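For reference, query-v6.txt is printed below; it contains compact mmCIF, C-alpha atoms.
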```txt
# COMPACT_ATOMS: atom_id res chain seq x y z
CA MET A 1378 8.05 8.85 -104.74
CA SER A 1379 7.75 7.98 -108.39
CA PRO A 1380 4.34 8.58 -110.01
CA ILE A 1381 4.03 4.88 -110.85
CA LEU A 1382 4.26 3.86 -107.19
CA PHE A 1383 1.84 6.63 -106.22
CA TRP A 1384 -0.80 5.45 -108.68
CA ILE A 1385 -0.26 1.78 -107.73
CA PHE A 1386 -0.86 2.49 -104.06
CA ALA A 1387 -3.74 4.88 -104.80
CA ALA A 1388 -5.39 2.21 -106.98
CA LEU A 1389 -4.79 -0.39 -104.24
CA MET A 1390 -6.40 1.87 -101.66
CA LEU A 1391 -9.41 2.80 -103.82
CA GLY A 1392 -9.89 -0.73 -105.18
CA PHE A 1393 -9.96 -2.37 -101.78
CA GLY A 1394 -12.01 0.54 -100.42
CA ALA A 1395 -14.60 -0.26 -103.09
CA ALA A 1396 -14.36 -3.96 -102.19
CA THR A 1397 -15.11 -2.99 -98.57
CA ILE A 1398 -18.48 -1.51 -99.43
CA LEU A 1399 -19.33 -4.08 -102.14
CA HIS A 1400 -18.68 -7.40 -100.39
CA ARG A 1401 -21.68 -9.15 -98.89
CA ASN A 1402 -19.57 -11.00 -96.34
CA PRO A 1403 -18.59 -8.69 -93.42
CA VAL A 1404 -15.32 -10.58 -92.81
CA ALA A 1405 -14.23 -10.00 -96.43
CA SER A 1406 -15.18 -6.33 -96.03
CA ALA A 1407 -13.04 -5.99 -92.90
CA LEU A 1408 -10.03 -7.66 -94.53
CA SER A 1409 -10.38 -5.44 -97.63
CA LEU A 1410 -10.42 -2.45 -95.32
CA VAL A 1411 -7.09 -3.58 -93.82
CA VAL A 1412 -5.46 -3.63 -97.28
CA SER A 1413 -7.01 -0.25 -98.07
CA PHE A 1414 -5.47 1.19 -94.89
CA LEU A 1415 -2.08 -0.29 -95.80
CA GLY A 1416 -2.25 1.48 -99.18
CA LEU A 1417 -3.15 4.70 -97.39
CA ALA A 1418 -0.14 4.26 -95.07
CA ALA A 1419 2.07 3.91 -98.16
CA LEU A 1420 0.67 7.23 -99.43
CA PHE A 1421 1.52 8.79 -96.05
CA PHE A 1422 5.10 7.51 -96.45
CA SER A 1423 5.20 9.04 -99.94
CA LEU A 1424 4.35 12.40 -98.33
CA ASP A 1425 7.29 12.01 -95.90
CA ALA A 1426 4.90 11.60 -92.96
CA TYR A 1427 6.65 8.53 -91.58
CA PHE A 1428 5.33 8.73 -88.03
CA ILE A 1429 1.73 9.15 -89.17
CA GLY A 1430 2.16 6.24 -91.59
CA VAL A 1431 3.44 3.93 -88.86
CA ILE A 1432 0.63 5.05 -86.53
CA GLN A 1433 -1.85 4.36 -89.32
CA ILE A 1434 -0.61 0.77 -89.64
CA LEU A 1435 -0.36 0.13 -85.89
CA VAL A 1436 -3.63 1.75 -84.78
CA TYR A 1437 -5.92 1.28 -87.78
CA ALA A 1438 -4.71 -1.82 -89.60
CA GLY A 1439 -3.75 -3.36 -86.27
CA ALA A 1440 -5.93 -2.44 -83.31
CA VAL A 1441 -9.09 -1.04 -84.87
CA MET A 1442 -9.48 -3.77 -87.48
CA VAL A 1443 -8.85 -6.53 -84.92
CA LEU A 1444 -11.71 -5.00 -82.93
CA PHE A 1445 -13.95 -5.03 -86.02
CA LEU A 1446 -13.11 -8.66 -86.85
CA PHE A 1447 -13.59 -9.67 -83.22
CA ILE A 1448 -17.08 -8.13 -83.12
CA ILE A 1449 -18.06 -9.61 -86.51
CA MET A 1450 -17.02 -13.08 -85.37
CA LEU A 1451 -18.52 -12.61 -81.89
CA LEU A 1452 -21.90 -11.71 -83.38
CA ASP A 1453 -21.41 -14.52 -85.96
CA LEU A 1454 -22.72 -12.37 -88.83
CA LYS A 1455 -23.51 -14.26 -92.01
CA ALA A 1456 -23.15 -12.93 -95.54
CA GLU A 1457 -26.26 -11.17 -96.76
CA GLN A 1458 -28.46 -13.46 -98.84
CA SER A 1459 -29.45 -10.80 -101.34
CA ARG A 1460 -28.75 -7.16 -101.93
CA GLN A 1461 -31.36 -5.24 -99.98
CA ILE A 1462 -31.14 -1.99 -101.89
CA SER A 1463 -34.28 -0.23 -103.03
CA LEU A 1464 -34.23 1.69 -106.29
CA PRO A 1465 -34.89 5.19 -104.82
CA VAL A 1466 -32.06 4.72 -102.33
CA LEU A 1467 -29.72 3.58 -105.11
CA LEU A 1468 -30.63 6.50 -107.39
CA GLY A 1469 -30.45 9.08 -104.59
CA GLY A 1470 -27.15 7.74 -103.33
CA ALA A 1471 -25.64 7.62 -106.82
CA ALA A 1472 -26.81 11.18 -107.53
CA VAL A 1473 -25.38 12.61 -104.30
CA VAL A 1474 -22.06 10.78 -104.68
CA GLY A 1475 -21.84 11.70 -108.38
CA LEU A 1476 -22.42 15.37 -107.58
CA PHE A 1477 -19.77 15.21 -104.87
CA VAL A 1478 -17.17 13.64 -107.16
CA THR A 1479 -17.93 16.16 -109.92
CA GLN A 1480 -17.54 19.00 -107.47
CA ILE A 1481 -14.21 17.66 -106.19
CA GLY A 1482 -12.99 17.29 -109.77
CA LEU A 1483 -13.98 20.85 -110.66
CA VAL A 1484 -12.39 22.31 -107.54
CA VAL A 1485 -9.15 20.42 -108.14
CA ARG A 1486 -9.06 21.42 -111.82
CA ASN A 1487 -9.56 25.11 -111.00
CA TYR A 1488 -6.82 25.19 -108.35
CA PRO A 1489 -3.63 25.94 -110.31
CA ALA A 1490 -1.51 26.37 -107.15
CA GLY A 1491 -2.00 22.66 -106.49
CA ASN A 1492 -0.17 21.77 -109.70
CA GLN A 1493 3.16 23.10 -108.41
CA ALA A 1494 5.72 20.65 -107.14
CA PHE A 1495 5.89 19.96 -103.42
CA PRO A 1496 8.52 22.13 -101.69
CA ALA A 1497 11.86 20.44 -101.21
CA LEU A 1498 12.54 18.97 -97.78
CA ALA A 1499 15.78 19.03 -95.84
CA ALA A 1500 18.08 16.14 -96.73
CA LYS A 1501 17.75 14.75 -93.23
CA PHE A 1502 15.10 15.52 -90.65
CA ASP A 1503 13.90 13.64 -87.60
CA ASP A 1504 10.19 13.15 -88.13
CA ALA A 1505 9.26 11.42 -84.86
CA SER A 1506 11.34 13.84 -82.79
CA ASN A 1507 9.78 16.89 -84.46
CA ILE A 1508 6.28 15.51 -83.93
CA GLY A 1509 7.05 14.76 -80.29
CA MET A 1510 8.36 18.28 -79.72
CA THR A 1511 5.28 19.84 -81.36
CA LEU A 1512 2.92 17.53 -79.50
CA PHE A 1513 4.33 18.21 -76.04
CA SER A 1514 4.88 21.95 -76.50
CA HIS A 1515 2.20 23.52 -78.71
CA TYR A 1516 -0.39 20.77 -78.34
CA ASN A 1517 0.09 19.81 -74.70
CA LEU A 1518 -3.43 20.71 -73.54
CA PRO A 1519 -5.25 18.94 -76.42
CA PHE A 1520 -3.04 15.91 -75.77
CA GLN A 1521 -4.17 15.72 -72.14
CA VAL A 1522 -7.80 16.32 -73.11
CA VAL A 1523 -7.56 13.39 -75.55
CA GLY A 1524 -6.18 11.28 -72.69
CA VAL A 1525 -9.30 12.08 -70.65
CA LEU A 1526 -11.45 11.26 -73.69
CA ILE A 1527 -9.88 7.82 -74.00
CA LEU A 1528 -10.40 7.20 -70.27
CA VAL A 1529 -14.08 8.16 -70.61
CA ALA A 1530 -14.42 5.97 -73.71
CA SER A 1531 -12.91 2.91 -72.02
CA ILE A 1532 -15.15 3.35 -68.95
CA GLY A 1533 -18.13 3.84 -71.26
CA VAL A 1534 -17.34 0.63 -73.14
CA VAL A 1535 -17.19 -1.32 -69.88
CA VAL A 1536 -20.54 0.12 -68.78
CA LEU A 1537 -22.15 -0.52 -72.18
CA SER A 1538 -20.91 -4.10 -72.24
CA GLN A 1539 -22.69 -5.07 -69.03
CA ARG A 1540 -25.38 -7.61 -69.67
CA GLU A 1541 -28.03 -5.65 -67.76
CA LEU A 1542 -27.81 -1.87 -67.73
CA LYS A 1543 -28.77 -0.45 -64.35
CA MET B 605 5.36 14.35 -111.20
CA VAL B 606 2.79 13.78 -108.45
CA THR B 607 1.21 17.02 -107.29
CA LEU B 608 -1.08 18.13 -104.49
CA ASN B 609 -4.07 17.96 -106.83
CA ASP B 610 -3.50 14.24 -107.41
CA TYR B 611 -3.58 13.59 -103.69
CA LEU B 612 -6.70 15.74 -103.27
CA LEU B 613 -8.43 13.87 -106.10
CA VAL B 614 -7.58 10.45 -104.60
CA SER B 615 -8.70 11.65 -101.19
CA GLY B 616 -11.98 12.92 -102.64
CA LEU B 617 -12.60 9.60 -104.36
CA LEU B 618 -11.94 7.71 -101.13
CA PHE B 619 -14.38 9.99 -99.30
CA ALA B 620 -16.97 9.37 -102.05
CA LEU B 621 -16.53 5.60 -101.59
CA GLY B 622 -17.13 5.89 -97.86
CA PHE B 623 -20.10 8.18 -98.46
CA ALA B 624 -21.63 5.71 -100.93
CA GLY B 625 -21.12 2.93 -98.40
CA VAL B 626 -22.97 4.84 -95.68
CA LEU B 627 -25.84 5.68 -98.03
CA LEU B 628 -26.26 2.32 -99.74
CA ARG B 629 -25.36 -0.43 -97.27
CA ARG B 630 -27.87 -1.67 -94.69
CA ASN B 631 -25.51 -3.61 -92.41
CA ILE B 632 -24.60 -1.34 -89.50
CA ILE B 633 -21.05 -2.74 -89.20
CA ILE B 634 -20.33 -2.06 -92.90
CA ILE B 635 -21.71 1.46 -92.42
CA PHE B 636 -19.28 1.89 -89.54
CA MET B 637 -16.37 0.74 -91.75
CA ALA B 638 -17.42 3.22 -94.44
CA LEU B 639 -17.29 5.96 -91.76
CA GLU B 640 -13.68 4.98 -91.11
CA LEU B 641 -12.96 5.29 -94.85
CA MET B 642 -14.28 8.86 -94.81
CA LEU B 643 -12.16 9.78 -91.76
CA ASN B 644 -9.09 8.41 -93.52
CA ALA B 645 -9.85 10.37 -96.68
CA ALA B 646 -9.81 13.55 -94.59
CA ASN B 647 -6.51 12.42 -93.03
CA LEU B 648 -4.95 11.98 -96.48
CA SER B 649 -5.78 15.51 -97.59
CA LEU B 650 -4.55 16.90 -94.25
CA VAL B 651 -1.18 15.18 -94.64
CA ALA B 652 -0.93 16.29 -98.29
CA PHE B 653 -1.56 19.92 -97.28
CA SER B 654 0.92 19.61 -94.43
CA ARG B 655 3.57 18.50 -96.94
CA PHE B 656 2.54 21.17 -99.45
CA ASN B 657 2.72 24.04 -96.95
CA GLY B 658 6.07 23.02 -95.52
CA THR B 659 8.63 25.74 -94.82
CA GLY B 660 12.33 25.66 -94.08
CA GLY B 661 12.80 22.10 -95.35
CA LEU B 662 10.23 20.69 -92.92
CA PRO B 663 6.55 19.79 -93.45
CA ASN B 664 3.98 21.87 -91.60
CA TYR B 665 3.53 19.76 -88.48
CA ASN B 666 0.23 21.37 -87.45
CA GLY B 667 -1.57 19.32 -90.09
CA GLN B 668 0.06 16.10 -88.91
CA MET B 669 -0.92 16.91 -85.31
CA LEU B 670 -4.55 17.16 -86.41
CA VAL B 671 -4.23 13.75 -88.11
CA PHE B 672 -2.74 12.33 -84.90
CA PHE B 673 -5.71 13.57 -82.87
CA ILE B 674 -8.20 12.34 -85.50
CA ILE B 675 -6.68 8.85 -85.33
CA THR B 676 -6.86 8.89 -81.51
CA VAL B 677 -10.47 10.05 -81.41
CA ALA B 678 -11.43 7.58 -84.16
CA ALA B 679 -9.98 4.71 -82.13
CA ALA B 680 -12.07 5.76 -79.11
CA GLU B 681 -15.10 6.17 -81.38
CA VAL B 682 -14.68 2.65 -82.79
CA ALA B 683 -14.51 1.17 -79.28
CA VAL B 684 -17.69 2.93 -78.12
CA GLY B 685 -19.52 2.37 -81.42
CA LEU B 686 -18.83 -1.36 -81.48
CA ALA B 687 -19.93 -1.66 -77.83
CA ILE B 688 -23.20 0.04 -78.80
CA ILE B 689 -23.59 -2.35 -81.76
CA VAL B 690 -23.07 -5.36 -79.46
CA ALA B 691 -25.65 -4.00 -77.00
CA LEU B 692 -28.03 -3.39 -79.92
CA TYR B 693 -27.51 -6.92 -81.21
CA ARG B 694 -28.25 -8.34 -77.77
CA ALA B 695 -31.51 -6.40 -77.63
CA ARG B 696 -32.71 -6.98 -81.21
CA GLN B 697 -30.66 -9.87 -82.70
CA THR B 698 -30.09 -7.92 -85.92
CA THR B 699 -27.53 -5.60 -87.48
CA ASN B 700 -29.76 -4.52 -90.35
CA VAL B 701 -30.62 -0.84 -90.03
CA ASP B 702 -33.98 -1.36 -91.76
CA ASP B 703 -35.11 -3.48 -88.81
CA LEU B 704 -33.98 -0.86 -86.26
CA ASN B 705 -36.82 1.59 -86.80
CA ALA B 706 -38.17 2.14 -83.27
CA LEU B 707 -37.41 5.86 -83.51
CA LYS B 708 -38.93 6.21 -86.96
CA PHE B 709 -41.84 8.64 -87.17
```
With the file now loaded, output its structure as structure tokens.
Amino acid sequence: MSPILFWIFAALMLGFGAATILHRNPVASALSLVVSFLGLAALFFSLDAYFIGVIQILVYAGAVMVLFLFIIMLLDLKAEQSRQISLPVLLGGAAVVGLFVTQIGLVVRNYPAGNQAFPALAAKFDDASNIGMTLFSHYNLPFQVVGVLILVASIGVVVLSQRELK
Amino acid sequence: MVTLNDYLLVSGLLFALGFAGVLLRRNIIIIFMALELMLNAANLSLVAFSRFNGTGGLPNYNGQMLVFFIITVAAAEVAVGLAIIVALYRARQTTNVDDLNALKF
């Protein structure tokens, strides 16, 4: 992918990610998050991870965000009237985040191996088929465990959603 | 030329955004969305490393498998977390974490 496209999609992702945490209205936050996830999916495509990019759009931008919007509208949340941020929280948060960003920048700058070009890929390779083969051979047990996890989660959601917990 | 370091930097910035959201926002649903941002930042660096460590003309699929499982577990986590938020809202009629201080010492 050309560097221009990379930086456009990275800016899209970061800009709408910032909008997610800055908006007062939860619905606007959720919709910004959708656009941020679409930018992230484009970055996945730029890394030749086509299957993961499609899953990102289907599962995150589709299913998960519909769930978020549904809950926001079900609870009928209003936009916050004023910013309820105390000064110590703001300073502490800014300090921790600033330190983290500085550290990431230093680590990335002192990692010369990361400045090499990505290795060339084969002219034609079947991404979904390779992922399927890996998933059902090397990762068969984790795959089944995740299936049990989703079963437990869906039963748990039904139990939690009862009006009166027994 | 876009290199691994560019992807790692963007991923770190996205994680910082999510982190700031968790620390600064008081609405529990926004905090939950910021958690998703942090999970996705980790996914981005995993996919970048999977592409970077590719051999034989293929990316390293172990990294992409981990991303696949993270997405699956995150979807389950969102379902359970939102159910807990709905139950919380029924009990307290608020989503502001400052008002949910029954466990505070």
Which of these, A:Val1523, A:Leu1464, A:Ala1395, A:Met1510, has the shortest distance to Tyr665 (chain B) once you count all atoms listed in the file? A:Met1510
Per residue of chain A within 6 Å of chain B, which atom pair is closest and at what distance in Å (one decimal), using only C-alpha atoms, listed by chain and increasing number, as a tab-separated table?
```
residue	atom	partner	partner_atom	distance
A:Pro1380	CA	B:Val606	CA	5.6
A:Ile1398	CA	B:Gly625	CA	5.3
A:Gly1470	CA	B:Leu627	CA	5.8
A:Val1474	CA	B:Ala620	CA	5.9
A:Val1485	CA	B:Asn609	CA	5.8
A:Gly1491	CA	B:Leu608	CA	5.0
A:Asn1492	CA	B:Thr607	CA	5.5
A:Ala1494	CA	B:Thr607	CA	5.8
A:Phe1495	CA	B:Phe656	CA	5.3
A:Leu1498	CA	B:Gly661	CA	4.0
A:Ala1499	CA	B:Gly661	CA	4.3
A:Ile1527	CA	B:Ala680	CA	5.9
A:Ala1530	CA	B:Ala680	CA	5.9
A:Val1534	CA	B:Val684	CA	5.5
```
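Going from CA of Ile1481 (chain A) to CA of Ile1432 (chain A) covers 27.7 Å.
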Edge lengths and centre in Å to one decimal, as lines of an AutoDock Vina configuration file, of the axis-aligned box that encloses all listed atoms of region 1431-1449 of chain A with 8 Å added on every side?
```
center_x = -7.3
center_y = -2.3
center_z = -86.3
size_x = 37.5
size_y = 30.7
size_z = 22.7
```
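Take CA of Phe1477 (chain A) and CA of Ala1426 (chain A): the distance between them is 27.6 Å.
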My list of candidates is A:Ile1385, A:Phe1428, A:Ala1396, A:Val1484. Which is closest to Ile1508 (chain A) when distances are computed with all atoms listed in the file? A:Phe1428
Expressed in Å to a single decimal, how great is the separation between CA of Arg696 (chain B) and CA of Val1411 (chain A)? 28.8 Å
Can you list, as a PyMOL selection string, every protein, DNA or RNA residue that comes within 7 Å of region 1414-1422 of chain A when you count only C-alpha atoms, leaving out same-chain residues fewer than 4 positions away? chain A and resi 1383+1386-1387+1389-1390+1410+1426-1427+1429-1430+1433-1434+1438
